[in-house]
Each structure stands twice: as C-alpha cells, then as structure tokens.
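Written below as structure tokens is the structure these notes are about.
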Amino acid sequence: MKWTRRLIPALKDNYMLLLSAVNGATIAVDPSEAEPIFVALKEHQLTLKHILCTHHHPDHVGGNLELKERTGCSISGSRRDETRVPGLDSIVSDNYQIEILALPVLPLEIPGHTLGHVAFFFPTLGIVCVGDTLFGMGCGRLFEGTPQQMFTSLAKIARLPPETLVYCGHEYTQALGEFANTLEPENTDLQRRRAEVAQCRAAGQPTVPFTLAEELKTNPFLRPQSPYIRKRLGLEKGTDLEVFTEIRRRKDNI
Ligand SMILES: [Zn+2]
C-alpha cells in the first residue's frame, strides 16, 4: 500500500511527521503541538488514527491530549515512558514488530537522550523516526542516559539499511555541520554536505529527511574511528567510546 509522508514544522525548530494511507487514515509521529496537525488533516482530508511518540519531552508530546480528545486517536510510546507520555494507550518494546493500520513498525529502544527513548523503523517505507537521538550531522544531548548508552543506541540506528531515510525531531543540521567541521575539516563529504545544507536553508527548505548513508559519511558522532577526528582530539589510541564521549563533551561545552 502507498503511504504519503508529510513533514510539518512546529514550535521553534521541531518537525512532526504525518504518514497517511490512501484512504486518508493517518499516523502522527511526535506531535509537538496540535494546531498545525489539525490544519494539515483538514487541508488534505485526513483522519488521525494513531500517534507514535519517540520520547516524553514536551516538544514531542505537546499535542497528544488535544489531538486524542478531538479525534479519538490512540497513542503508543515506550514501555519505559508509561507514566510520562500523556494519553498513552499502548506500549512498545525493543525489536518487537507491531502493525499500525496494517503498516509494519519496528520499535527500537535507543536510550541516551532520555531513558525511554525509542525509534520507529518502518521497514516497508524505508524510513526511521529517531526523535532527538540522531540529528543531521549530530546527536541529542544526554539528559538521562550515559555516553555508553547513547553510543550503543546510535550504533543500533547505524545498522539499519544505509538507504534508510532518517526523520529527526529538530532542524539543527546547519549548526551541527559547523561543529562537525571543527573536528574533521579534511572530510570532503562533509564540505559538500555543508554547502548543500546552506543552499537548502537559504531557500527555506528542510534538511530532513536525510539518508543514513550520508550520516555515516559526515556525522562525527557516527565516525569515532576517523583518524582525522582522533588526531584532532589527541585520542589516536582511544576506544571508539572514548572518542564519542569526548566529541559529546566538546559539543556540550560550546
Ligand atoms: Zn527531547
């Protein structure tokens, strides 16, 4: 079955995603706020049936209760966020595939940004919603988890097929590209992508989604093995986790 994807900007720099079947039945991922979703539902004659939440932060669940009240939709989130995601009806578990409106969804538990953070991989659509764990050329802050947890979670996402399209929760790509450049200015893929991103933003276009393959070539948090990054950090002999931890520490301190 064909599904239509609609990326909807919200709040300051958040993105929400609507996935709609041919009959208009729609799944919303991370509804930061209700109003832009109501506008899209009306404009495209869609019916909201279900909400998927990657994690409990207000800028990802802010629209939950109003949307549920006015549409009667149901809401799924992490088993670890049972008391934190407003209006939660059903919980999802790591690697336990479910179907929503007959669409296969594989939840992946990816703690780090928060302990209950999950990604939603849609194998038949070739897309993954990663919330605030992976960003274009960056990764989320560690509000609840450890560097080891985030490192493992990013590795889990990185193992998905490289052509997978990544939908993240924020438009941070351009600023993160600048940070990536401080670590690996020798990386020609990074230079090319920064130029493309600058062009895209100047035209008012979103940089989301992007492919996992592109991330693997340009995102320093997925590249702790890069000899250039290691040299710059003075960690030539460090473990990948040590390199990752140092990159995260530097990003937190700018
Ligand atoms: Zn968050």
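Naming scheme: A, B, ... for chains in displayed order of the structure tokens; residues 1 onward per chain; ligands 1 onward as shown.
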
| Leaving out Glu99 in chain A and any residue of its chain fewer than 4 positions from it, which residues lie within 12 Å of it when counting only C-alpha atoms, given as a list of chain:residue names? | A:Ile27, A:His50, A:Leu52, A:Ser76, A:Val92, A:Leu103, A:Pro104, A:Val105, A:Leu106, A:Pro107, A:Phe120, A:Phe121, A:Phe122, A:Pro123, A:Thr124

| field | Env. residues ligand 1 / 8 Å / only C-alpha atoms and all ligand atoms / as number ranges by chain | value | A: 55-60, 113-114, 131-132, 140, 169

Keeping C-alpha atoms for every residue in the selection just given, could you write it to a file as a PDB file, in the first residue's frame?
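Here's the written file selection-v5.pdb:
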ATOM      1  CA  HIS A  55      10.086  10.195  23.968  1.00  0.00           C
ATOM      2  CA  HIS A  56       8.309  12.174  26.665  1.00  0.00           C
ATOM      3  CA  HIS A  57       9.736  15.687  26.184  1.00  0.00           C
ATOM      4  CA  PRO A  58       7.002  18.345  25.904  1.00  0.00           C
ATOM      5  CA  ASP A  59       8.122  19.429  22.425  1.00  0.00           C
ATOM      6  CA  HIS A  60       7.360  15.893  21.194  1.00  0.00           C
ATOM      7  CA  HIS A 113      18.792  11.460  25.320  1.00  0.00           C
ATOM      8  CA  THR A 114      16.136  10.057  27.691  1.00  0.00           C
ATOM      9  CA  GLY A 131      13.334  11.766  17.670  1.00  0.00           C
ATOM     10  CA  ASP A 132      16.181  13.530  19.475  1.00  0.00           C
ATOM     11  CA  GLY A 140      20.962  14.580  21.065  1.00  0.00           C
ATOM     12  CA  GLY A 169      12.941  15.890  15.695  1.00  0.00           C
TER      13      GLY A 169
END

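With only C-alpha atoms as the atoms that count, the residue of A:Val243, A:Val118, A:Ile8, A:Ile127 with the shortest distance to Leu183 in chain A is A:Val243.
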
| field | Per-residue DSSP, range 176-224 of chain A, filtered to alpha helix (DSSP H), as an MDAnalysis selection string | value | chainID A and resid 176:183 188:202 212:218

Residues from the last selection, N, CA and C atoms, saved as a compact mmCIF listing (two decimals), in the first residue's frame:
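As written to disk, selection.txt reads:
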# COMPACT_ATOMS: atom_id res chain seq x y z
N LEU A 176 24.98 22.04 13.38
CA LEU A 176 25.75 20.83 13.70
C LEU A 176 26.84 20.57 12.66
N GLY A 177 26.56 20.98 11.43
CA GLY A 177 27.58 20.86 10.38
C GLY A 177 28.79 21.73 10.69
N GLU A 178 28.54 22.90 11.28
CA GLU A 178 29.65 23.79 11.67
C GLU A 178 30.50 23.12 12.75
N PHE A 179 29.81 22.50 13.70
CA PHE A 179 30.54 21.80 14.76
C PHE A 179 31.35 20.63 14.18
N ALA A 180 30.70 19.86 13.29
CA ALA A 180 31.39 18.72 12.66
C ALA A 180 32.65 19.19 11.95
N ASN A 181 32.57 20.37 11.37
CA ASN A 181 33.70 20.91 10.62
C ASN A 181 34.90 21.24 11.51
N THR A 182 34.63 21.55 12.78
CA THR A 182 35.75 21.82 13.70
C THR A 182 36.53 20.54 13.99
N LEU A 183 35.87 19.39 13.80
CA LEU A 183 36.52 18.11 14.11
C LEU A 183 37.15 17.44 12.90
N THR A 188 35.86 15.63 2.76
CA THR A 188 35.26 16.30 1.58
C THR A 188 33.76 16.07 1.50
N ASP A 189 33.28 14.90 1.99
CA ASP A 189 31.83 14.67 2.02
C ASP A 189 31.15 15.69 2.95
N LEU A 190 31.82 15.98 4.04
CA LEU A 190 31.29 16.96 4.99
C LEU A 190 31.21 18.35 4.34
N GLN A 191 32.27 18.72 3.62
CA GLN A 191 32.27 20.04 2.96
C GLN A 191 31.14 20.13 1.93
N ARG A 192 30.98 19.06 1.15
CA ARG A 192 29.91 19.04 0.15
C ARG A 192 28.54 19.16 0.82
N ARG A 193 28.36 18.39 1.89
CA ARG A 193 27.05 18.41 2.55
C ARG A 193 26.76 19.77 3.20
N ARG A 194 27.78 20.37 3.81
CA ARG A 194 27.57 21.69 4.42
C ARG A 194 27.11 22.70 3.37
N ALA A 195 27.71 22.61 2.18
CA ALA A 195 27.32 23.54 1.11
C ALA A 195 25.87 23.26 0.68
N GLU A 196 25.52 21.99 0.56
CA GLU A 196 24.14 21.63 0.16
C GLU A 196 23.13 22.09 1.22
N VAL A 197 23.51 21.89 2.48
CA VAL A 197 22.62 22.28 3.58
C VAL A 197 22.43 23.80 3.61
N ALA A 198 23.51 24.54 3.39
CA ALA A 198 23.43 26.00 3.39
C ALA A 198 22.48 26.47 2.28
N GLN A 199 22.60 25.84 1.12
CA GLN A 199 21.74 26.18 -0.02
C GLN A 199 20.26 25.88 0.30
N CYS A 200 20.07 24.73 0.87
CA CYS A 200 18.74 24.27 1.24
C CYS A 200 18.08 25.23 2.25
N ARG A 201 18.84 25.63 3.27
CA ARG A 201 18.29 26.51 4.31
C ARG A 201 18.05 27.91 3.75
N ALA A 202 18.95 28.36 2.86
CA ALA A 202 18.78 29.69 2.27
C ALA A 202 17.49 29.73 1.45
N LEU A 212 20.78 7.60 5.90
CA LEU A 212 21.73 7.09 6.88
C LEU A 212 23.13 7.04 6.25
N ALA A 213 23.19 6.72 4.96
CA ALA A 213 24.49 6.65 4.27
C ALA A 213 25.21 7.99 4.37
N GLU A 214 24.47 9.09 4.20
CA GLU A 214 25.04 10.43 4.29
C GLU A 214 25.54 10.71 5.71
N GLU A 215 24.77 10.27 6.69
CA GLU A 215 25.20 10.45 8.09
C GLU A 215 26.51 9.72 8.37
N LEU A 216 26.59 8.49 7.86
CA LEU A 216 27.79 7.68 8.14
C LEU A 216 29.04 8.35 7.57
N LYS A 217 28.86 9.15 6.52
CA LYS A 217 30.00 9.82 5.89
C LYS A 217 30.34 11.16 6.55
N THR A 218 29.37 11.76 7.24
CA THR A 218 29.57 13.15 7.68
C THR A 218 29.31 13.44 9.16

| said: At a cut-off of 8 Å, using only C-alpha atoms, what residues contact range 147-161 of chain A? Leave out same-chain residues fewer than 2 positions from it and give the result as a PyMOL selection string. | reply: chain A and resi 109-113+133-134+142+145+163-164+212+216+222+241+244-245

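Put simply, CA of Glu69 in chain A is 23.7 Å away from CA of Arg5 in chain A.
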
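If only C-alpha atoms are the atoms counted, then among A:Ala34, A:Val22, A:Leu165, A:Leu235 the closest residue to Leu125 in chain A is A:Leu165.
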
| request: Just list the residues in range 29-150 of chain A DSSP gives strand (DSSP E) on the backbone, as number ranges by chain. | output: A: 29, 47-52, 74-78, 90-92, 98-100, 103-109, 118-122, 127-131, 134-135, 138-139

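Here CA of Val166 in chain A is placed at a distance of 18.1 Å from CA of Arg141 in chain A.
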